[in-house]
Every structure is written in C-alpha cells, then in structure tokens.
$ cat work.pdb   # PDB, C-alpha atoms, pLDDT in the B column
ATOM      1  CA  MET A   1     -70.559  42.638  81.789  1.00 95.00           C
ATOM      2  CA  LYS A   2     -69.254  45.961  80.447  1.00 97.00           C
ATOM      3  CA  GLU A   3     -65.914  45.515  82.196  1.00 97.00           C
ATOM      4  CA  GLN A   4     -65.599  41.838  81.246  1.00 98.00           C
ATOM      5  CA  ILE A   5     -66.179  42.499  77.546  1.00 98.00           C
ATOM      6  CA  ALA A   6     -63.862  45.528  77.625  1.00 98.00           C
ATOM      7  CA  ARG A   7     -61.091  43.392  79.114  1.00 98.00           C
ATOM      8  CA  ASP A   8     -61.790  40.669  76.561  1.00 98.00           C
ATOM      9  CA  LEU A   9     -61.496  43.075  73.623  1.00 98.00           C
ATOM     10  CA  LEU A  10     -58.263  44.532  74.953  1.00 98.00           C
ATOM     11  CA  LYS A  11     -56.787  41.099  75.733  1.00 97.00           C
ATOM     12  CA  ILE A  12     -57.259  39.788  72.187  1.00 98.00           C
ATOM     13  CA  GLY A  13     -55.971  42.990  70.597  1.00 97.00           C
ATOM     14  CA  ALA A  14     -59.319  43.990  69.115  1.00 97.00           C
ATOM     15  CA  VAL A  15     -58.898  47.623  70.203  1.00 96.00           C
ATOM     16  CA  PHE A  16     -56.241  49.639  68.379  1.00 93.00           C
ATOM     17  CA  PHE A  17     -54.910  53.006  69.590  1.00 89.00           C
ATOM     18  CA  ARG A  18     -53.247  54.885  66.713  1.00 83.00           C
ATOM     19  CA  PRO A  19     -53.354  58.690  66.957  1.00 75.00           C
ATOM     20  CA  ASP A  20     -50.338  59.256  64.688  1.00 74.00           C
ATOM     21  CA  GLU A  21     -51.937  57.318  61.816  1.00 82.00           C
ATOM     22  CA  PRO A  22     -55.659  57.715  62.484  1.00 86.00           C
ATOM     23  CA  PHE A  23     -58.197  55.307  61.131  1.00 90.00           C
ATOM     24  CA  THR A  24     -60.759  56.642  58.666  1.00 90.00           C
ATOM     25  CA  TRP A  25     -64.256  55.313  59.190  1.00 85.00           C
ATOM     26  CA  ALA A  26     -66.838  54.851  56.445  1.00 79.00           C
ATOM     27  CA  SER A  27     -68.485  58.033  57.733  1.00 78.00           C
ATOM     28  CA  GLY A  28     -65.267  59.946  56.998  1.00 84.00           C
ATOM     29  CA  ILE A  29     -64.424  60.530  60.666  1.00 86.00           C
ATOM     30  CA  GLN A  30     -60.760  60.164  61.544  1.00 88.00           C
ATOM     31  CA  SER A  31     -60.357  58.275  64.784  1.00 91.00           C
ATOM     32  CA  PRO A  32     -57.427  57.519  67.099  1.00 89.00           C
ATOM     33  CA  VAL A  33     -59.204  54.291  68.078  1.00 92.00           C
ATOM     34  CA  TYR A  34     -60.495  51.330  66.094  1.00 93.00           C
ATOM     35  CA  CYS A  35     -62.373  48.340  67.467  1.00 94.00           C
ATOM     36  CA  ASP A  36     -62.268  45.176  65.331  1.00 95.00           C
ATOM     37  CA  ASN A  37     -64.939  42.940  66.821  1.00 95.00           C
ATOM     38  CA  ARG A  38     -64.414  40.320  64.100  1.00 95.00           C
ATOM     39  CA  LEU A  39     -61.431  39.159  66.154  1.00 97.00           C
ATOM     40  CA  THR A  40     -63.805  37.938  68.869  1.00 97.00           C
ATOM     41  CA  LEU A  41     -64.804  35.097  66.549  1.00 97.00           C
ATOM     42  CA  SER A  42     -61.251  33.707  66.643  1.00 97.00           C
ATOM     43  CA  SER A  43     -61.161  33.392  70.446  1.00 97.00           C
ATOM     44  CA  PRO A  44     -63.515  30.677  71.757  1.00 98.00           C
ATOM     45  CA  GLN A  45     -63.565  32.085  75.299  1.00 97.00           C
ATOM     46  CA  VAL A  46     -64.200  35.679  74.244  1.00 98.00           C
ATOM     47  CA  ARG A  47     -66.693  34.547  71.612  1.00 98.00           C
ATOM     48  CA  SER A  48     -68.582  32.672  74.319  1.00 98.00           C
ATOM     49  CA  HIS A  49     -68.699  35.786  76.518  1.00 98.00           C
ATOM     50  CA  VAL A  50     -69.915  37.924  73.615  1.00 98.00           C
ATOM     51  CA  GLU A  51     -72.611  35.597  72.340  1.00 98.00           C
ATOM     52  CA  SER A  52     -73.966  34.722  75.771  1.00 98.00           C
ATOM     53  CA  GLY A  53     -74.004  38.454  76.509  1.00 98.00           C
ATOM     54  CA  LEU A  54     -75.949  39.233  73.347  1.00 98.00           C
ATOM     55  CA  GLU A  55     -78.354  36.409  74.137  1.00 98.00           C
ATOM     56  CA  LYS A  56     -78.947  37.888  77.584  1.00 98.00           C
ATOM     57  CA  LEU A  57     -79.540  41.386  76.165  1.00 98.00           C
ATOM     58  CA  VAL A  58     -82.221  40.028  73.833  1.00 98.00           C
ATOM     59  CA  ARG A  59     -83.892  37.954  76.539  1.00 98.00           C
ATOM     60  CA  VAL A  60     -83.984  40.853  78.998  1.00 98.00           C
ATOM     61  CA  HIS A  61     -84.829  43.777  76.726  1.00 98.00           C
ATOM     62  CA  TYR A  62     -86.661  42.162  73.796  1.00 98.00           C
ATOM     63  CA  PRO A  63     -88.320  39.000  75.163  1.00 98.00           C
ATOM     64  CA  GLU A  64     -90.943  39.015  72.413  1.00 98.00           C
ATOM     65  CA  ALA A  65     -88.339  38.761  69.615  1.00 98.00           C
ATOM     66  CA  GLN A  66     -89.150  36.305  66.826  1.00 98.00           C
ATOM     67  CA  VAL A  67     -86.289  36.906  64.382  1.00 98.00           C
ATOM     68  CA  ILE A  68     -82.656  37.952  64.781  1.00 98.00           C
ATOM     69  CA  MET A  69     -81.231  39.932  61.870  1.00 98.00           C
ATOM     70  CA  GLY A  70     -77.519  40.631  61.485  1.00 98.00           C
ATOM     71  CA  THR A  71     -75.965  43.580  59.733  1.00 96.00           C
ATOM     72  CA  SER A  72     -73.798  42.746  56.743  1.00 92.00           C
ATOM     73  CA  THR A  73     -71.132  41.701  57.141  1.00 91.00           C
ATOM     74  CA  ALA A  74     -69.749  42.112  60.644  1.00 93.00           C
ATOM     75  CA  GLY A  75     -73.002  41.316  62.422  1.00 96.00           C
ATOM     76  CA  ILE A  76     -73.843  38.124  60.536  1.00 97.00           C
ATOM     77  CA  ALA A  77     -71.863  35.595  62.574  1.00 97.00           C
ATOM     78  CA  HIS A  78     -72.901  37.143  65.883  1.00 97.00           C
ATOM     79  CA  ALA A  79     -76.540  37.143  64.809  1.00 98.00           C
ATOM     80  CA  ALA A  80     -76.333  33.494  63.773  1.00 98.00           C
ATOM     81  CA  ILE A  81     -74.848  32.334  67.082  1.00 98.00           C
ATOM     82  CA  THR A  82     -77.192  34.508  69.146  1.00 98.00           C
ATOM     83  CA  ALA A  83     -80.227  33.234  67.245  1.00 98.00           C
ATOM     84  CA  HIS A  84     -79.028  29.658  67.779  1.00 98.00           C
ATOM     85  CA  LEU A  85     -78.749  30.207  71.540  1.00 98.00           C
ATOM     86  CA  LEU A  86     -82.216  31.747  71.589  1.00 98.00           C
ATOM     87  CA  GLY A  87     -83.752  29.129  69.316  1.00 98.00           C
ATOM     88  CA  LEU A  88     -84.966  31.827  66.927  1.00 98.00           C
ATOM     89  CA  SER A  89     -85.017  32.374  63.184  1.00 98.00           C
ATOM     90  CA  MET A  90     -82.109  34.338  61.746  1.00 98.00           C
ATOM     91  CA  GLY A  91     -81.200  36.287  58.652  1.00 98.00           C
ATOM     92  CA  TYR A  92     -79.135  39.263  57.613  1.00 97.00           C
ATOM     93  CA  VAL A  93     -79.514  42.517  55.730  1.00 96.00           C
ATOM     94  CA  ARG A  94     -77.402  44.048  52.984  1.00 89.00           C
ATOM     95  CA  THR A  95     -77.308  47.815  52.741  1.00 78.00           C
ATOM     96  CA  GLY A  96     -77.293  47.382  48.961  1.00 67.00           C
ATOM     97  CA  ALA A  97     -79.268  44.839  46.942  1.00 59.00           C
ATOM     98  CA  LYS A  98     -77.432  42.092  45.079  1.00 53.00           C
ATOM     99  CA  ASP A  99     -77.042  42.681  41.341  1.00 53.00           C
ATOM    100  CA  HIS A 100     -77.661  39.011  40.518  1.00 48.00           C
ATOM    101  CA  GLY A 101     -79.868  36.077  41.500  1.00 46.00           C
ATOM    102  CA  ARG A 102     -82.949  37.153  43.425  1.00 53.00           C
ATOM    103  CA  ARG A 103     -81.362  40.554  44.136  1.00 64.00           C
ATOM    104  CA  ASN A 104     -82.244  40.313  47.811  1.00 80.00           C
ATOM    105  CA  GLN A 105     -81.395  42.879  50.435  1.00 93.00           C
ATOM    106  CA  ILE A 106     -82.810  40.698  53.187  1.00 94.00           C
ATOM    107  CA  GLU A 107     -81.462  37.156  53.329  1.00 94.00           C
ATOM    108  CA  GLY A 108     -83.412  34.545  55.255  1.00 95.00           C
ATOM    109  CA  ARG A 109     -87.139  34.256  55.802  1.00 94.00           C
ATOM    110  CA  LEU A 110     -88.942  37.311  57.136  1.00 96.00           C
ATOM    111  CA  GLU A 111     -92.725  37.586  57.295  1.00 96.00           C
ATOM    112  CA  PRO A 112     -94.521  40.954  57.530  1.00 96.00           C
ATOM    113  CA  GLY A 113     -95.339  41.793  61.130  1.00 97.00           C
ATOM    114  CA  GLN A 114     -92.614  39.660  62.687  1.00 98.00           C
ATOM    115  CA  LYS A 115     -90.799  41.157  65.654  1.00 98.00           C
ATOM    116  CA  VAL A 116     -87.106  41.625  64.847  1.00 98.00           C
ATOM    117  CA  VAL A 117     -83.968  42.433  66.819  1.00 98.00           C
ATOM    118  CA  VAL A 118     -80.948  43.659  64.861  1.00 98.00           C
ATOM    119  CA  VAL A 119     -77.461  42.494  65.863  1.00 98.00           C
ATOM    120  CA  GLU A 120     -74.647  44.951  65.078  1.00 98.00           C
ATOM    121  CA  ASP A 121     -70.976  44.623  65.972  1.00 96.00           C
ATOM    122  CA  LEU A 122     -70.415  48.287  66.872  1.00 95.00           C
ATOM    123  CA  ILE A 123     -72.174  51.632  66.722  1.00 96.00           C
ATOM    124  CA  SER A 124     -70.526  54.995  66.160  1.00 93.00           C
ATOM    125  CA  THR A 125     -72.668  57.493  64.232  1.00 92.00           C
ATOM    126  CA  ALA A 126     -75.420  54.834  63.807  1.00 94.00           C
ATOM    127  CA  GLY A 127     -75.841  55.451  60.080  1.00 93.00           C
ATOM    128  CA  SER A 128     -75.291  51.845  58.985  1.00 93.00           C
ATOM    129  CA  VAL A 129     -77.531  50.195  61.556  1.00 96.00           C
ATOM    130  CA  LEU A 130     -80.357  52.664  60.945  1.00 96.00           C
ATOM    131  CA  GLU A 131     -80.199  51.913  57.230  1.00 95.00           C
ATOM    132  CA  VAL A 132     -80.720  48.237  58.106  1.00 96.00           C
ATOM    133  CA  VAL A 133     -83.611  49.131  60.411  1.00 97.00           C
ATOM    134  CA  GLU A 134     -85.266  51.129  57.623  1.00 96.00           C
ATOM    135  CA  ILE A 135     -84.920  48.242  55.141  1.00 95.00           C
ATOM    136  CA  LEU A 136     -86.550  45.883  57.645  1.00 97.00           C
ATOM    137  CA  ARG A 137     -89.372  48.320  58.385  1.00 97.00           C
ATOM    138  CA  GLU A 138     -90.050  48.768  54.682  1.00 95.00           C
ATOM    139  CA  ALA A 139     -90.327  44.970  54.444  1.00 95.00           C
ATOM    140  CA  GLY A 140     -93.061  45.035  57.082  1.00 97.00           C
ATOM    141  CA  ALA A 141     -91.030  43.940  60.106  1.00 98.00           C
ATOM    142  CA  GLU A 142     -91.592  45.354  63.565  1.00 98.00           C
ATOM    143  CA  VAL A 143     -88.073  46.271  64.666  1.00 98.00           C
ATOM    144  CA  LEU A 144     -87.949  46.021  68.438  1.00 98.00           C
ATOM    145  CA  GLY A 145     -84.438  47.417  68.667  1.00 98.00           C
ATOM    146  CA  VAL A 146     -80.735  46.716  68.391  1.00 98.00           C
ATOM    147  CA  VAL A 147     -78.117  44.844  70.400  1.00 98.00           C
ATOM    148  CA  SER A 148     -74.424  45.409  69.770  1.00 98.00           C
ATOM    149  CA  ILE A 149     -71.039  44.451  71.134  1.00 98.00           C
ATOM    150  CA  PHE A 150     -69.658  47.966  71.458  1.00 97.00           C
ATOM    151  CA  THR A 151     -70.831  51.564  71.211  1.00 97.00           C
ATOM    152  CA  TYR A 152     -68.773  54.731  71.027  1.00 95.00           C
ATOM    153  CA  GLY A 153     -71.643  56.655  72.626  1.00 95.00           C
ATOM    154  CA  MET A 154     -71.224  59.548  70.197  1.00 95.00           C
ATOM    155  CA  ARG A 155     -73.840  62.264  70.432  1.00 93.00           C
ATOM    156  CA  LYS A 156     -74.572  62.083  66.693  1.00 93.00           C
ATOM    157  CA  GLY A 157     -75.298  58.376  66.959  1.00 95.00           C
ATOM    158  CA  LEU A 158     -77.442  58.760  70.073  1.00 96.00           C
ATOM    159  CA  ASP A 159     -79.450  61.568  68.468  1.00 97.00           C
ATOM    160  CA  ARG A 160     -79.999  59.576  65.271  1.00 97.00           C
ATOM    161  CA  LEU A 161     -81.209  56.510  67.182  1.00 98.00           C
ATOM    162  CA  LYS A 162     -83.572  58.610  69.263  1.00 97.00           C
ATOM    163  CA  LYS A 163     -84.987  60.391  66.217  1.00 97.00           C
ATOM    164  CA  ALA A 164     -85.607  57.037  64.488  1.00 97.00           C
ATOM    165  CA  GLY A 165     -87.255  55.602  67.592  1.00 97.00           C
ATOM    166  CA  VAL A 166     -84.630  52.858  67.913  1.00 98.00           C
ATOM    167  CA  THR A 167     -83.201  51.554  71.184  1.00 98.00           C
ATOM    168  CA  ASN A 168     -79.742  49.986  71.397  1.00 98.00           C
ATOM    169  CA  TYR A 169     -78.177  47.947  74.169  1.00 98.00           C
ATOM    170  CA  SER A 170     -74.440  47.305  73.991  1.00 98.00           C
ATOM    171  CA  LEU A 171     -72.241  44.853  75.862  1.00 98.00           C
ATOM    172  CA  THR A 172     -69.626  47.532  76.497  1.00 98.00           C
ATOM    173  CA  ASP A 173     -68.839  51.114  75.566  1.00 97.00           C
ATOM    174  CA  PHE A 174     -66.041  53.518  74.726  1.00 95.00           C
ATOM    175  CA  ASP A 175     -65.810  55.038  78.208  1.00 95.00           C
ATOM    176  CA  THR A 176     -65.422  51.630  79.846  1.00 96.00           C
ATOM    177  CA  ILE A 177     -62.769  50.495  77.378  1.00 96.00           C
ATOM    178  CA  ALA A 178     -60.794  53.734  77.823  1.00 94.00           C
ATOM    179  CA  ARG A 179     -60.892  53.374  81.611  1.00 95.00           C
ATOM    180  CA  ILE A 180     -59.917  49.687  81.624  1.00 96.00           C
ATOM    181  CA  ALA A 181     -57.162  50.349  79.057  1.00 95.00           C
ATOM    182  CA  ALA A 182     -55.629  52.911  81.407  1.00 95.00           C
ATOM    183  CA  GLU A 183     -56.005  50.665  84.453  1.00 96.00           C
ATOM    184  CA  GLU A 184     -54.270  47.762  82.697  1.00 95.00           C
ATOM    185  CA  GLY A 185     -51.483  49.789  81.103  1.00 94.00           C
ATOM    186  CA  TYR A 186     -52.536  49.797  77.455  1.00 93.00           C
ATOM    187  CA  ILE A 187     -52.611  53.604  77.527  1.00 92.00           C
ATOM    188  CA  ARG A 188     -51.542  56.271  80.000  1.00 90.00           C
ATOM    189  CA  PRO A 189     -54.124  57.486  82.550  1.00 89.00           C
ATOM    190  CA  GLU A 190     -53.835  61.023  81.179  1.00 85.00           C
ATOM    191  CA  ASP A 191     -54.852  59.750  77.721  1.00 87.00           C
ATOM    192  CA  VAL A 192     -58.369  58.869  78.893  1.00 89.00           C
ATOM    193  CA  ARG A 193     -59.460  62.502  78.967  1.00 86.00           C
ATOM    194  CA  ARG A 194     -58.207  63.012  75.407  1.00 85.00           C
ATOM    195  CA  LEU A 195     -60.034  59.918  74.176  1.00 90.00           C
ATOM    196  CA  ILE A 196     -63.273  61.031  75.817  1.00 90.00           C
ATOM    197  CA  ALA A 197     -62.841  64.461  74.205  1.00 87.00           C
ATOM    198  CA  PHE A 198     -62.643  62.715  70.824  1.00 90.00           C
ATOM    199  CA  ARG A 199     -65.817  60.788  71.641  1.00 91.00           C
ATOM    200  CA  ASP A 200     -67.622  63.980  72.648  1.00 90.00           C
ATOM    201  CA  ASN A 201     -66.521  65.910  69.539  1.00 89.00           C
ATOM    202  CA  PRO A 202     -64.961  63.856  66.700  1.00 88.00           C
ATOM    203  CA  ASN A 203     -64.444  67.043  64.684  1.00 84.00           C
ATOM    204  CA  ASP A 204     -61.940  68.289  67.264  1.00 81.00           C
ATOM    205  CA  GLU A 205     -58.687  66.705  66.088  1.00 77.00           C
ATOM    206  CA  SER A 206     -56.442  68.101  68.814  1.00 78.00           C
ATOM    207  CA  TRP A 207     -55.466  64.529  69.727  1.00 72.00           C
ATOM    208  CA  LYS A 208     -53.522  64.194  66.455  1.00 69.00           C
ATOM    209  CA  GLY A 209     -49.768  63.957  66.812  1.00 55.00           C
ATOM    210  CA  ALA A 210     -49.927  62.961  70.478  1.00 59.00           C
ATOM    211  CA  ALA A 211     -48.787  59.413  71.227  1.00 56.00           C
ATOM    212  CA  LEU A 212     -51.075  57.243  73.277  1.00 59.00           C
TER     213      LEU A 212
END

$ encode --input "work.pdb" --output "structure tokens"
Amino acid sequence: MKEQIARDLLKIGAVFFRPDEPFTWASGIQSPVYCDNRLTLSSPQVRSHVESGLEKLVRVHYPEAQVIMGTSTAGIAHAAITAHLLGLSMGYVRTGAKDHGRRNQIEGRLEPGQKVVVVEDLISTAGSVLEVVEILREAGAEVLGVVSIFTYGMRKGLDRLKKAGVTNYSLTDFDTIARIAAEEGYIRPEDVRRLIAFRDNPNDESWKGAAL
C-alpha cells in the first residue's frame, strides 16, 4: 500500500520538490517538499485507492470505532468518504470556534464516551492533529487514534504523538515517496539522502540552493 499510494501521489503531481523556493509550513518550517493531498480528490482512481486504504486502516487498527472525525479543512472530504465506506457517523473539527451561529468547534453529532478515529491528510510536526484530538477529548470522546494519507515521520511529530498517547497509521510516508521518486525519475538518486536529512533535522537548511 505504501508504494501504491506514493506512486499515486507522484503521478497526479501532488508532491512538489522546490528547494530553490522552499515552502513555508504553518509551523514556520521551510521545506523543499510539499504534499498537496487535496489533489487526490480530483482523480477518481487515486481517490478510490486512498479512501479504501483509509477504510482498511480503520478496520484493522480501530475496529471498535463509532465515529470518524475529519480535521478542518483538508481531512473533511476524506473523513466523509471513509465514514461512508465504514457505515459510521462522521463529523469534523475546527481548530478555532466559529464566531457566529452556534459557534461550534465540532460539527456533526458526537456523544460523550463515543469512540472516535481522526482522519488527517498529512502529519509533519503533529501540532494540528493533536489540537483536534484535545478538542475531542475535552468534549468527552474516547479518541482511539489517527489515520492519515501521508506522514513525514519527523522526530518532533513522533515525539508529540507519543507524549499525547496518540497512535497514527499512514497510507504512505516521506521515505517511501523519496525512494519511489528517485526510482521513477522525478528526482536524482543522490537527492534522496538530502531529503532524508531534511526529514531528520528540518532546522538544517543545507539543502537550500541545490536543485532537485
């Protein structure tokens, strides 16, 4: 599955390599790589692979799940389709409450004590998804864990998830995408080591100025 999803993301142009004009994440990290999983929604074949993969992750790792909750906004569509395949209730979580109407942070019906799985599109430092987990816990939900399309596997993210007692299962990961990208000619084989170095230490910006 990891290789299939990695190939899918590369095929539809969802993975961007741009060391000369690095992307700035919400966390402030400058990255030579950006993964736009929203593009999977525009490809029926890839979307099918992704959603059936997420369904399988939930069935295998969280069989007692009662509710699927998406992260706002990138996780909402994936959560909706996954919940539909599973025949489960679905909702989504805002990291900030609305300033009008009912001022909800959690949209959809959620009863205290219900067992929830969070659907996220990607995980880097894990800050956003853990904020969603905390909101759900404060609402009385039992958060079983997280499923996601892609993870960078960054140490900061792994440490944060562990400290919060949250498990995550991803369809693919940064190492797999870097390897497949080199095998299929998207990047040079020698670039893989530099990309992995970025993953291991995002504060080391020695990759800047080098073309991938």

$ atom_distance --input "work.pdb" --atom1 "CA of Ile135 (chain A)" --atom2 "CA of Tyr169 (chain A)"
20.2 Å

$ resolve_selection --input "work.pdb" --expression "the PyMOL selection byres ((chain A and resi 153) around 7)" --output "PyMOL selection string"
chain A and resi 124+151-152+154-155+157-158+173-174

$ resolve_selection --input "work.pdb" --expression "the PyMOL selection byres ((chain A and resi 202) around 9)" --output "MDAnalysis selection string"
chainID A and resid 29:31 154 197:201 203:205

$ resolve_selection --input "work.pdb" --expression "the PyMOL selection byres ((chain A and resi 81) around 12)" --output "MDAnalysis selection string"
chainID A and resid 41 47:55 68:70 75:80 82:91 119

$ residues_around --input "work.pdb" --residues "region 139-149 of chain A" --least-positions-apart "5" --cutoff "7 Å" --atoms "all atoms listed in the file" --output "number ranges by chain"
A: 54, 57, 62, 112-122, 133, 166-172

$ write_last_selection --input "work.pdb" --atoms "C-alpha atoms" --output "tab-separated table (two decimals), in the frame of the given file"
chain	number	residue	atom	x	y	z
A	54	LEU	CA	-75.95	39.23	73.35
A	57	LEU	CA	-79.54	41.39	76.17
A	62	TYR	CA	-86.66	42.16	73.80
A	112	PRO	CA	-94.52	40.95	57.53
A	113	GLY	CA	-95.34	41.79	61.13
A	114	GLN	CA	-92.61	39.66	62.69
A	115	LYS	CA	-90.80	41.16	65.65
A	116	VAL	CA	-87.11	41.62	64.85
A	117	VAL	CA	-83.97	42.43	66.82
A	118	VAL	CA	-80.95	43.66	64.86
A	119	VAL	CA	-77.46	42.49	65.86
A	120	GLU	CA	-74.65	44.95	65.08
A	121	ASP	CA	-70.98	44.62	65.97
A	122	LEU	CA	-70.42	48.29	66.87
A	133	VAL	CA	-83.61	49.13	60.41
A	166	VAL	CA	-84.63	52.86	67.91
A	167	THR	CA	-83.20	51.55	71.18
A	168	ASN	CA	-79.74	49.99	71.40
A	169	TYR	CA	-78.18	47.95	74.17
A	170	SER	CA	-74.44	47.30	73.99
A	171	LEU	CA	-72.24	44.85	75.86
A	172	THR	CA	-69.63	47.53	76.50

$ residues_around --input "work.pdb" --residues "Ala6 (chain A)" --least-positions-apart "5" --cutoff "12 Å" --atoms "only C-alpha atoms" --output "ChimeraX atom specification"
/A:1,11-15,35,37,40,46,49-50,149-151,170-184

$ closest_residue --input "work.pdb" --among "A:Glu131, A:Arg59, A:Leu110, A:Arg18" --to "Arg94 (chain A)" --atoms "all atoms listed in the file"
A:Glu131

$ atom_distance --input "work.pdb" --atom1 "CA of Arg160 (chain A)" --atom2 "CA of Ala126 (chain A)"
6.8 Å

$ build_atoms --input "work.pdb" --residues "region 71-80 of chain A" --atoms "all heavy atoms" --output "PDB file, keeping the file's coordinate frame"
ATOM      1  N   THR A  71     -76.389  42.605  60.726  1.00 96.00           N
ATOM      2  CA  THR A  71     -75.965  43.580  59.733  1.00 96.00           C
ATOM      3  C   THR A  71     -74.837  42.966  58.908  1.00 96.00           C
ATOM      4  O   THR A  71     -74.011  42.229  59.422  1.00 96.00           O
ATOM      5  CB  THR A  71     -75.459  44.865  60.404  1.00 96.00           C
ATOM      6  OG1 THR A  71     -74.391  44.540  61.304  1.00 96.00           O
ATOM      7  CG2 THR A  71     -76.585  45.547  61.182  1.00 96.00           C
ATOM      8  N   SER A  72     -74.816  43.296  57.642  1.00 92.00           N
ATOM      9  CA  SER A  72     -73.798  42.746  56.743  1.00 92.00           C
ATOM     10  C   SER A  72     -72.585  43.682  56.722  1.00 92.00           C
ATOM     11  O   SER A  72     -72.732  44.890  56.577  1.00 92.00           O
ATOM     12  CB  SER A  72     -74.382  42.622  55.342  1.00 92.00           C
ATOM     13  OG  SER A  72     -73.456  42.138  54.430  1.00 92.00           O
ATOM     14  N   THR A  73     -71.366  43.120  56.935  1.00 91.00           N
ATOM     15  CA  THR A  73     -71.132  41.701  57.141  1.00 91.00           C
ATOM     16  C   THR A  73     -70.765  41.369  58.587  1.00 91.00           C
ATOM     17  O   THR A  73     -70.848  40.218  59.011  1.00 91.00           O
ATOM     18  CB  THR A  73     -69.958  41.219  56.235  1.00 91.00           C
ATOM     19  OG1 THR A  73     -68.774  41.979  56.565  1.00 91.00           O
ATOM     20  CG2 THR A  73     -70.284  41.362  54.789  1.00 91.00           C
ATOM     21  N   ALA A  74     -70.324  42.375  59.326  1.00 93.00           N
ATOM     22  CA  ALA A  74     -69.749  42.112  60.644  1.00 93.00           C
ATOM     23  C   ALA A  74     -70.736  41.532  61.647  1.00 93.00           C
ATOM     24  O   ALA A  74     -70.349  40.834  62.578  1.00 93.00           O
ATOM     25  CB  ALA A  74     -69.133  43.388  61.210  1.00 93.00           C
ATOM     26  N   GLY A  75     -72.026  41.803  61.457  1.00 96.00           N
ATOM     27  CA  GLY A  75     -73.002  41.316  62.422  1.00 96.00           C
ATOM     28  C   GLY A  75     -73.559  39.933  62.126  1.00 96.00           C
ATOM     29  O   GLY A  75     -74.280  39.364  62.945  1.00 96.00           O
ATOM     30  N   ILE A  76     -73.205  39.371  60.964  1.00 97.00           N
ATOM     31  CA  ILE A  76     -73.843  38.124  60.536  1.00 97.00           C
ATOM     32  C   ILE A  76     -73.517  36.960  61.472  1.00 97.00           C
ATOM     33  O   ILE A  76     -74.421  36.260  61.951  1.00 97.00           O
ATOM     34  CB  ILE A  76     -73.447  37.769  59.093  1.00 97.00           C
ATOM     35  CG1 ILE A  76     -73.983  38.830  58.121  1.00 97.00           C
ATOM     36  CG2 ILE A  76     -73.974  36.391  58.720  1.00 97.00           C
ATOM     37  CD1 ILE A  76     -73.530  38.628  56.681  1.00 97.00           C
ATOM     38  N   ALA A  77     -72.243  36.736  61.731  1.00 97.00           N
ATOM     39  CA  ALA A  77     -71.863  35.595  62.574  1.00 97.00           C
ATOM     40  C   ALA A  77     -72.435  35.727  63.983  1.00 97.00           C
ATOM     41  O   ALA A  77     -72.926  34.751  64.562  1.00 97.00           O
ATOM     42  CB  ALA A  77     -70.341  35.467  62.627  1.00 97.00           C
ATOM     43  N   HIS A  78     -72.380  36.937  64.533  1.00 97.00           N
ATOM     44  CA  HIS A  78     -72.901  37.143  65.883  1.00 97.00           C
ATOM     45  C   HIS A  78     -74.413  36.931  65.929  1.00 97.00           C
ATOM     46  O   HIS A  78     -74.946  36.377  66.887  1.00 97.00           O
ATOM     47  CB  HIS A  78     -72.534  38.539  66.371  1.00 97.00           C
ATOM     48  CG  HIS A  78     -71.055  38.774  66.442  1.00 97.00           C
ATOM     49  ND1 HIS A  78     -70.243  38.091  67.316  1.00 97.00           N
ATOM     50  CD2 HIS A  78     -70.246  39.584  65.724  1.00 97.00           C
ATOM     51  CE1 HIS A  78     -68.994  38.490  67.155  1.00 97.00           C
ATOM     52  NE2 HIS A  78     -68.963  39.388  66.185  1.00 97.00           N
ATOM     53  N   ALA A  79     -75.094  37.359  64.878  1.00 98.00           N
ATOM     54  CA  ALA A  79     -76.540  37.143  64.809  1.00 98.00           C
ATOM     55  C   ALA A  79     -76.863  35.658  64.725  1.00 98.00           C
ATOM     56  O   ALA A  79     -77.810  35.176  65.358  1.00 98.00           O
ATOM     57  CB  ALA A  79     -77.125  37.885  63.609  1.00 98.00           C
ATOM     58  N   ALA A  80     -76.083  34.923  63.941  1.00 98.00           N
ATOM     59  CA  ALA A  80     -76.333  33.494  63.773  1.00 98.00           C
ATOM     60  C   ALA A  80     -76.169  32.747  65.097  1.00 98.00           C
ATOM     61  O   ALA A  80     -77.008  31.918  65.469  1.00 98.00           O
ATOM     62  CB  ALA A  80     -75.391  32.917  62.720  1.00 98.00           C
TER      63      ALA A  80
END
